[in-house]
>>> print(open('data_35.cif').read())   # mmCIF, C-alpha atoms; chains and numbers go by the auth columns
data_final
#
loop_
_atom_site.group_PDB
_atom_site.id
_atom_site.type_symbol
_atom_site.label_atom_id
_atom_site.label_comp_id
_atom_site.label_asym_id
_atom_site.label_seq_id
_atom_site.Cartn_x
_atom_site.Cartn_y
_atom_site.Cartn_z
_atom_site.B_iso_or_equiv
_atom_site.auth_seq_id
_atom_site.auth_asym_id
ATOM 1 C CA MET A 1 6.537 -151.153 -233.650 0.00 9 A
ATOM 2 C CA GLU A 2 7.738 -149.259 -230.599 0.00 10 A
ATOM 3 C CA TYR A 3 10.312 -146.537 -231.203 0.00 11 A
ATOM 4 C CA LEU A 4 13.162 -145.849 -228.814 0.00 12 A
ATOM 5 C CA VAL A 5 13.542 -142.088 -228.404 0.00 13 A
ATOM 6 C CA ARG A 6 16.346 -140.574 -226.372 0.00 14 A
ATOM 7 C CA GLN A 7 16.098 -137.008 -225.065 0.00 15 A
ATOM 8 C CA TYR A 8 19.461 -135.391 -224.374 0.00 16 A
ATOM 9 C CA ASP A 9 20.632 -132.565 -222.195 0.00 17 A
ATOM 10 C CA LEU A 10 22.424 -129.732 -223.973 0.00 18 A
ATOM 11 C CA GLN A 11 26.089 -130.715 -223.751 0.00 19 A
ATOM 12 C CA GLN A 12 25.780 -134.417 -224.579 0.00 20 A
ATOM 13 C CA GLY A 13 23.057 -133.725 -227.140 0.00 21 A
ATOM 14 C CA ALA A 14 25.249 -131.222 -228.981 0.00 22 A
ATOM 15 C CA LEU A 15 27.999 -133.836 -229.297 0.00 23 A
ATOM 16 C CA GLU A 16 25.501 -136.437 -230.529 0.00 24 A
ATOM 17 C CA ILE A 17 24.164 -134.023 -233.172 0.00 25 A
ATOM 18 C CA GLU A 18 27.688 -133.337 -234.453 0.00 26 A
ATOM 19 C CA TYR A 19 28.207 -137.112 -234.722 0.00 27 A
ATOM 20 C CA ILE A 20 24.948 -138.023 -236.485 0.00 28 A
ATOM 21 C CA GLU A 21 25.152 -135.199 -239.021 0.00 29 A
ATOM 22 C CA GLU A 22 28.177 -136.958 -240.510 0.00 30 A
ATOM 23 C CA TYR A 23 25.649 -139.418 -241.988 0.00 31 A
ATOM 24 C CA PHE A 24 23.768 -136.735 -243.932 0.00 32 A
ATOM 25 C CA GLY A 25 25.363 -136.067 -247.311 0.00 33 A
ATOM 26 C CA GLU A 26 22.614 -133.657 -248.379 0.00 34 A
ATOM 27 C CA PHE A 27 23.626 -131.108 -245.733 0.00 35 A
ATOM 28 C CA SER A 28 26.051 -128.658 -247.303 0.00 36 A
ATOM 29 C CA ARG A 29 27.409 -127.701 -243.890 0.00 37 A
ATOM 30 C CA ARG A 30 27.126 -129.708 -240.718 0.00 38 A
ATOM 31 C CA LYS A 31 26.516 -128.178 -237.297 0.00 39 A
ATOM 32 C CA THR A 32 29.287 -128.304 -234.718 0.00 40 A
ATOM 33 C CA SER A 33 28.561 -129.048 -231.072 0.00 41 A
ATOM 34 C CA ALA A 34 29.691 -125.486 -230.241 0.00 42 A
ATOM 35 C CA GLU A 35 27.086 -124.044 -232.655 0.00 43 A
ATOM 36 C CA VAL A 36 24.341 -126.200 -231.165 0.00 44 A
ATOM 37 C CA MET A 37 25.269 -125.184 -227.608 0.00 45 A
ATOM 38 C CA GLU A 38 25.461 -121.497 -228.501 0.00 46 A
ATOM 39 C CA ARG A 39 22.047 -121.560 -230.222 0.00 47 A
ATOM 40 C CA LEU A 40 20.244 -123.492 -227.477 0.00 48 A
ATOM 41 C CA GLY A 41 22.054 -122.331 -224.355 0.00 49 A
ATOM 42 C CA ASN A 42 19.643 -119.706 -223.020 0.00 50 A
ATOM 43 C CA ARG A 43 16.254 -120.833 -224.261 0.00 51 A
ATOM 44 C CA ASP A 44 13.741 -123.665 -223.960 0.00 52 A
ATOM 45 C CA HIS A 45 14.911 -126.426 -226.256 0.00 53 A
ATOM 46 C CA GLN A 46 14.682 -130.135 -226.964 0.00 54 A
ATOM 47 C CA ILE A 47 17.217 -132.552 -228.477 0.00 55 A
ATOM 48 C CA LEU A 48 15.752 -135.901 -229.542 0.00 56 A
ATOM 49 C CA MET A 49 17.313 -138.924 -231.194 0.00 57 A
ATOM 50 C CA ALA A 50 15.642 -142.135 -232.379 0.00 58 A
ATOM 51 C CA GLU A 51 17.701 -145.300 -232.016 0.00 59 A
ATOM 52 C CA ALA A 52 17.296 -148.736 -233.557 0.00 60 A
ATOM 53 C CA PRO A 53 19.165 -152.064 -233.656 0.00 61 A
ATOM 54 C CA LEU A 54 21.308 -152.818 -236.688 0.00 62 A
ATOM 55 C CA PRO A 55 19.572 -155.366 -238.966 0.00 63 A
ATOM 56 C CA ASP A 56 22.637 -157.626 -239.121 0.00 64 A
ATOM 57 C CA ASP A 57 23.575 -157.121 -235.436 0.00 65 A
ATOM 58 C CA PRO A 58 20.451 -156.612 -233.293 0.00 66 A
ATOM 59 C CA ALA A 59 22.539 -156.254 -230.119 0.00 67 A
ATOM 60 C CA THR A 60 24.034 -153.012 -231.490 0.00 68 A
ATOM 61 C CA VAL A 61 21.747 -149.983 -231.235 0.00 69 A
ATOM 62 C CA VAL A 62 22.599 -146.885 -233.315 0.00 70 A
ATOM 63 C CA PRO A 63 21.111 -143.398 -233.768 0.00 71 A
ATOM 64 C CA VAL A 64 19.017 -143.284 -236.953 0.00 72 A
ATOM 65 C CA ALA A 65 17.118 -139.976 -236.767 0.00 73 A
ATOM 66 C CA TYR A 66 17.242 -136.742 -234.800 0.00 74 A
ATOM 67 C CA LYS A 67 15.309 -133.552 -234.214 0.00 75 A
ATOM 68 C CA VAL A 68 16.371 -130.333 -232.489 0.00 76 A
ATOM 69 C CA SER A 69 13.910 -127.574 -231.659 0.00 77 A
ATOM 70 C CA HIS A 70 13.972 -124.387 -229.617 0.00 78 A
ATOM 71 C CA GLU A 71 11.904 -121.434 -228.574 0.00 79 A
ATOM 72 C CA LEU A 72 11.711 -118.608 -231.122 0.00 80 A
ATOM 73 C CA ARG A 73 11.115 -115.212 -229.507 0.00 81 A
ATOM 74 C CA ARG A 74 9.705 -112.013 -230.935 0.00 82 A
ATOM 75 C CA ASN A 75 12.773 -109.991 -229.825 0.00 83 A
ATOM 76 C CA GLU A 76 15.661 -112.208 -230.939 0.00 84 A
ATOM 77 C CA THR A 77 19.175 -110.751 -230.663 0.00 85 A
ATOM 78 C CA ASP A 78 20.926 -113.398 -232.794 0.00 86 A
ATOM 79 C CA ALA A 79 21.046 -112.022 -236.361 0.00 87 A
ATOM 80 C CA LYS A 80 19.857 -115.249 -238.053 0.00 88 A
ATOM 81 C CA LEU A 81 16.970 -115.725 -235.641 0.00 89 A
ATOM 82 C CA ALA A 82 15.979 -112.040 -235.802 0.00 90 A
ATOM 83 C CA ASP A 83 15.869 -112.360 -239.601 0.00 91 A
ATOM 84 C CA LEU A 84 13.690 -115.480 -239.290 0.00 92 A
ATOM 85 C CA VAL A 85 11.254 -113.675 -236.954 0.00 93 A
ATOM 86 C CA THR A 86 11.064 -110.767 -239.417 0.00 94 A
ATOM 87 C CA ARG A 87 10.303 -113.160 -242.292 0.00 95 A
ATOM 88 C CA LEU A 88 7.594 -114.871 -240.236 0.00 96 A
ATOM 89 C CA SER A 89 6.080 -111.735 -238.697 0.00 97 A
ATOM 90 C CA ASP A 90 3.300 -111.497 -241.290 0.00 98 A
ATOM 91 C CA CYS A 91 2.132 -115.089 -240.718 0.00 99 A
ATOM 92 C CA VAL A 92 3.075 -116.066 -237.121 0.00 100 A
ATOM 93 C CA ALA A 93 1.857 -114.216 -234.013 0.00 101 A
ATOM 94 C CA PHE A 94 4.665 -113.984 -231.455 0.00 102 A
ATOM 95 C CA THR A 95 3.194 -111.578 -228.911 0.00 103 A
ATOM 96 C CA GLY A 96 1.805 -113.382 -225.870 0.00 104 A
ATOM 97 C CA ARG A 97 2.521 -116.812 -227.362 0.00 105 A
ATOM 98 C CA LYS A 98 5.310 -119.419 -227.204 0.00 106 A
ATOM 99 C CA VAL A 99 6.539 -120.490 -230.636 0.00 107 A
ATOM 100 C CA LEU A 100 8.739 -123.565 -231.099 0.00 108 A
ATOM 101 C CA TYR A 101 11.124 -123.592 -234.058 0.00 109 A
ATOM 102 C CA SER A 102 11.987 -127.031 -235.408 0.00 110 A
ATOM 103 C CA TRP A 103 15.573 -126.103 -236.259 0.00 111 A
ATOM 104 C CA ILE A 104 17.413 -129.166 -237.576 0.00 112 A
ATOM 105 C CA GLY A 105 16.728 -132.853 -238.016 0.00 113 A
ATOM 106 C CA GLY A 106 16.475 -135.770 -240.369 0.00 114 A
ATOM 107 C CA THR A 107 16.616 -139.525 -240.796 0.00 115 A
ATOM 108 C CA ARG A 108 19.584 -141.466 -242.173 0.00 116 A
ATOM 109 C CA ARG A 109 18.910 -142.567 -245.764 0.00 117 A
ATOM 110 C CA ASP A 110 18.960 -146.285 -244.999 0.00 118 A
ATOM 111 C CA TRP A 111 16.352 -145.835 -242.241 0.00 119 A
ATOM 112 C CA ARG A 112 13.856 -143.559 -244.022 0.00 120 A
ATOM 113 C CA GLY A 113 10.242 -144.543 -244.505 0.00 121 A
ATOM 114 C CA GLN A 114 10.044 -146.521 -241.241 0.00 122 A
ATOM 115 C CA GLY A 115 8.313 -143.927 -239.043 0.00 123 A
ATOM 116 C CA PHE A 116 11.301 -142.678 -237.036 0.00 124 A
ATOM 117 C CA PHE A 117 10.815 -139.021 -237.958 0.00 125 A
ATOM 118 C CA ARG A 118 7.086 -139.268 -237.179 0.00 126 A
ATOM 119 C CA ALA A 119 7.886 -140.698 -233.745 0.00 127 A
ATOM 120 C CA LEU A 120 10.319 -137.843 -233.056 0.00 128 A
ATOM 121 C CA THR A 121 7.831 -135.234 -234.276 0.00 129 A
ATOM 122 C CA GLU A 122 5.052 -136.673 -232.129 0.00 130 A
ATOM 123 C CA GLU A 123 7.349 -136.684 -229.094 0.00 131 A
ATOM 124 C CA GLN A 124 8.303 -133.083 -229.912 0.00 132 A
ATOM 125 C CA GLU A 125 4.633 -132.093 -230.044 0.00 133 A
ATOM 126 C CA ALA A 126 3.868 -133.759 -226.696 0.00 134 A
ATOM 127 C CA TRP A 127 6.870 -132.010 -225.085 0.00 135 A
ATOM 128 C CA ALA A 128 5.881 -128.666 -226.644 0.00 136 A
ATOM 129 C CA LEU A 129 2.348 -128.917 -225.256 0.00 137 A
ATOM 130 C CA ASP A 130 3.684 -129.847 -221.808 0.00 138 A
ATOM 131 C CA ASN A 131 5.961 -126.806 -221.928 0.00 139 A
ATOM 132 C CA GLY A 132 3.320 -124.260 -222.916 0.00 140 A
ATOM 133 C CA PHE A 133 4.060 -123.811 -226.619 0.00 141 A
ATOM 134 C CA ASP A 134 1.253 -122.653 -228.907 0.00 142 A
ATOM 135 C CA GLU A 135 2.711 -123.422 -232.335 0.00 143 A
ATOM 136 C CA ILE A 136 5.573 -125.221 -234.097 0.00 144 A
ATOM 137 C CA VAL A 137 7.192 -123.651 -237.163 0.00 145 A
ATOM 138 C CA VAL A 138 9.700 -125.182 -239.546 0.00 146 A
ATOM 139 C CA LYS A 139 11.619 -123.976 -242.600 0.00 147 A
ATOM 140 C CA THR A 140 12.755 -126.179 -245.473 0.00 148 A
ATOM 141 C CA LYS A 141 13.793 -125.852 -249.100 0.00 149 A
ATOM 142 C CA ASN A 142 11.467 -126.496 -251.991 0.00 150 A
ATOM 143 C CA ARG A 143 13.838 -129.157 -253.401 0.00 151 A
ATOM 144 C CA LEU A 144 13.615 -131.297 -250.256 0.00 152 A
ATOM 145 C CA TYR A 145 10.541 -133.100 -251.574 0.00 153 A
ATOM 146 C CA GLY A 146 10.768 -135.976 -249.097 0.00 154 A
ATOM 147 C CA MET A 147 10.812 -133.588 -246.141 0.00 155 A
ATOM 148 C CA ARG A 148 7.935 -131.570 -247.570 0.00 156 A
ATOM 149 C CA GLY A 149 5.933 -134.779 -248.040 0.00 157 A
ATOM 150 C CA THR A 150 6.668 -135.895 -244.484 0.00 158 A
ATOM 151 C CA LEU A 151 5.590 -132.529 -243.079 0.00 159 A
ATOM 152 C CA ASP A 152 2.388 -132.762 -245.136 0.00 160 A
ATOM 153 C CA HIS A 153 1.617 -136.189 -243.631 0.00 161 A
ATOM 154 C CA LEU A 154 2.267 -134.727 -240.183 0.00 162 A
ATOM 155 C CA GLN A 155 -0.330 -131.989 -240.943 0.00 163 A
ATOM 156 C CA PHE A 156 1.992 -129.001 -241.093 0.00 164 A
ATOM 157 C CA ASN A 157 0.524 -126.162 -243.159 0.00 165 A
ATOM 158 C CA VAL A 158 2.483 -124.019 -245.620 0.00 166 A
ATOM 159 C CA ILE A 159 2.351 -120.474 -244.298 0.00 167 A
ATOM 160 C CA LYS A 160 4.887 -118.780 -246.569 0.00 168 A
ATOM 161 C CA PHE A 161 6.846 -119.417 -249.765 0.00 169 A
ATOM 162 C CA GLU A 162 9.900 -117.330 -250.669 0.00 170 A
ATOM 163 C CA PRO A 163 10.945 -117.785 -254.298 0.00 171 A
ATOM 164 C CA HIS A 164 14.644 -117.968 -255.181 0.00 172 A
ATOM 165 C CA ALA A 165 15.850 -115.572 -257.873 0.00 173 A
ATOM 166 C CA ASP A 166 17.710 -118.207 -259.943 0.00 174 A
ATOM 167 C CA ASP A 167 16.392 -121.645 -259.025 0.00 175 A
ATOM 168 C CA ASN A 168 12.950 -122.264 -257.568 0.00 176 A
ATOM 169 C CA ARG A 169 14.154 -125.572 -256.119 0.00 177 A
ATOM 170 C CA GLU A 170 16.168 -123.400 -253.696 0.00 178 A
ATOM 171 C CA ALA A 171 13.059 -121.454 -252.622 0.00 179 A
ATOM 172 C CA LYS A 172 12.282 -121.442 -248.907 0.00 180 A
ATOM 173 C CA VAL A 173 9.075 -123.019 -247.634 0.00 181 A
ATOM 174 C CA TYR A 174 7.810 -122.146 -244.141 0.00 182 A
ATOM 175 C CA LEU A 175 5.316 -124.447 -242.439 0.00 183 A
ATOM 176 C CA SER A 176 3.408 -124.323 -239.173 0.00 184 A
ATOM 177 C CA LYS A 177 1.317 -126.491 -236.894 0.00 185 A
ATOM 178 C CA PRO A 178 -0.878 -125.029 -234.161 0.00 186 A
ATOM 179 C CA LEU A 179 -0.755 -127.003 -230.914 0.00 187 A
ATOM 180 C CA GLY A 180 -3.648 -128.173 -228.774 0.00 188 A
ATOM 181 C CA LEU A 181 -4.752 -131.337 -227.041 0.00 189 A
ATOM 182 C CA GLU A 182 -6.376 -132.542 -230.279 0.00 190 A
ATOM 183 C CA VAL A 183 -2.872 -132.842 -231.769 0.00 191 A
ATOM 184 C CA LEU A 184 -2.101 -135.641 -229.307 0.00 192 A
ATOM 185 C CA ASP A 185 -5.252 -137.495 -230.426 0.00 193 A
ATOM 186 C CA GLY A 186 -3.741 -137.814 -233.904 0.00 194 A
ATOM 187 C CA HIS A 187 -0.498 -139.424 -232.702 0.00 195 A
ATOM 188 C CA ARG A 188 0.099 -142.933 -234.042 0.00 196 A
ATOM 189 C CA SER A 189 3.563 -143.961 -232.877 0.00 197 A
ATOM 190 C CA ARG A 190 4.306 -145.952 -229.735 0.00 198 A
ATOM 191 C CA ARG A 191 7.413 -144.520 -228.098 0.00 199 A
ATOM 192 C CA SER A 192 9.684 -145.318 -225.205 0.00 200 A
ATOM 193 C CA VAL A 193 11.449 -142.153 -224.118 0.00 201 A
ATOM 194 C CA VAL A 194 14.739 -142.271 -222.215 0.00 202 A
ATOM 195 C CA ARG A 195 16.288 -139.139 -220.689 0.00 203 A
ATOM 196 C CA SER A 196 20.085 -139.099 -221.072 0.00 204 A
ATOM 197 C CA ALA A 197 22.519 -136.964 -219.154 0.00 205 A
#
>>> encode(input="data_35.cif", output="structure tokens")
Amino acid sequence: MEYLVRQYDLQQGALEIEYIEEYFGEFSRRKTSAEVMERLGNRDHQILMAEAPLPDDPATVVPVAYKVSHELRRNETDAKLADLVTRLSDCVAFTGRKVLYSWIGGTRRDWRGQGFFRALTEEQEAWALDNGFDEIVVKTKNRLYGMRGTLDHLQFNVIKFEPHADDNREAKVYLSKPLGLEVLDGHRSRRSVVRSA
């Protein structure tokens, strides 16, 4: 199977993210296009979306998965990102390196298990290597077992676990993948990438 991956510029991509997140019931709060633009505006970033034809109407192509990542810097000024850097400082080296943070993403429930998220992740890794990144980091919750399993299959390593005081399912899990040319050798998905304005 060949996956259709669309890479968006900031403004259009932010609108697309706001639209697709409406299909994710497990997100307690969805991102607005303004939030996406504010977060990504002054840093290296990538907005990807996988598209596929509807099973009952193959002429209609819809977004089924997405992934948004951005550079994470040692001296962040945004309070949330500065907190993230502090939490990662004992397990991620920021000095003299480019670190990519896989911020938000997912696959619509009815399209899971078909390789869309893998295709997006592999495209993200290829882009990150081309743009000089050394490592990709991601944060998830312990209760998101499907996501944790997917990241395991994609060879992300757990680098930190932060227990939750009341419910360990709400604990935070931080994962990382070092980047190098050998990462590309492990890619399995065939992708057609379209750049959208």
>>> residues_around(input="data_35.cif", residues="Arg81 (chain A)", least_positions_apart="2", cutoff="10 Å", atoms="all atoms listed in the file", output="ChimeraX atom specification")
/A:51,78-79,83-85,89-90,93,102-103,105-109
>>> resolve_selection(input="data_35.cif", expression="the PyMOL selection byres ((chain A and resi 110-126) around 6)", output="list in words")
Val72, Ala73, Tyr74, Lys75, Val76, Ser77, Tyr109, Ala127, Leu128, Thr129 and Val146 of chain A
>>> atom_distance(input="data_35.cif", atom1="CA of Leu23 (chain A)", atom2="CA of Ser41 (chain A)")
5.1 Å
>>> closest_residue(input="data_35.cif", among="A:Ser204, A:Asp52, A:Val191, A:Thr68", to="Gly21 (chain A)", atoms="all atoms listed in the file")
A:Ser204
>>> resolve_selection(input="data_35.cif", expression="the PyMOL selection byres ((chain A and resi 147-152) around 6)", output="PyMOL selection string")
chain A and resi 146+153-155+177-182
>>> write_last_selection(input="data_35.cif", atoms="C-alpha atoms", output="short mmCIF file (atom, residue, chain, number, x, y, z; two decimals), in the coordinates of the input")
data_model
loop_
_atom_site.label_atom_id
_atom_site.label_comp_id
_atom_site.auth_asym_id
_atom_site.auth_seq_id
_atom_site.Cartn_x
_atom_site.Cartn_y
_atom_site.Cartn_z
CA VAL A 146 9.70 -125.18 -239.55
CA TYR A 153 10.54 -133.10 -251.57
CA GLY A 154 10.77 -135.98 -249.10
CA MET A 155 10.81 -133.59 -246.14
CA ARG A 177 14.15 -125.57 -256.12
CA GLU A 178 16.17 -123.40 -253.70
CA ALA A 179 13.06 -121.45 -252.62
CA LYS A 180 12.28 -121.44 -248.91
CA VAL A 181 9.07 -123.02 -247.63
CA TYR A 182 7.81 -122.15 -244.14
#
>>> atom_distance(input="data_35.cif", atom1="CA of Ser97 (chain A)", atom2="CA of Gln132 (chain A)")
23.2 Å
>>> resolve_selection(input="data_35.cif", expression="the PyMOL selection byres ((chain A and resi 58) around 6)", output="PyMOL selection string")
chain A and resi 12-13+57+59+71-73
>>> write_last_selection(input="data_35.cif", atoms="C-alpha atoms", output="compact mmCIF listing (two decimals), in the coordinates of the input")
# COMPACT_ATOMS: atom_id res chain seq x y z
CA LEU A 12 13.16 -145.85 -228.81
CA VAL A 13 13.54 -142.09 -228.40
CA MET A 57 17.31 -138.92 -231.19
CA GLU A 59 17.70 -145.30 -232.02
CA PRO A 71 21.11 -143.40 -233.77
CA VAL A 72 19.02 -143.28 -236.95
CA ALA A 73 17.12 -139.98 -236.77
>>> closest_residue(input="data_35.cif", among="A:Val44, A:Leu137, A:Leu183, A:Ile25", to="Phe169 (chain A)", atoms="only C-alpha atoms")
A:Leu183
>>> atom_distance(input="data_35.cif", atom1="CA of Ile144 (chain A)", atom2="CA of Asn165 (chain A)")
10.4 Å
>>> residues_around(input="data_35.cif", residues="Gly194 (chain A)", least_positions_apart="5", cutoff="10 Å", atoms="only C-alpha atoms", output="PyMOL selection string")
chain A and resi 130+162-163+189
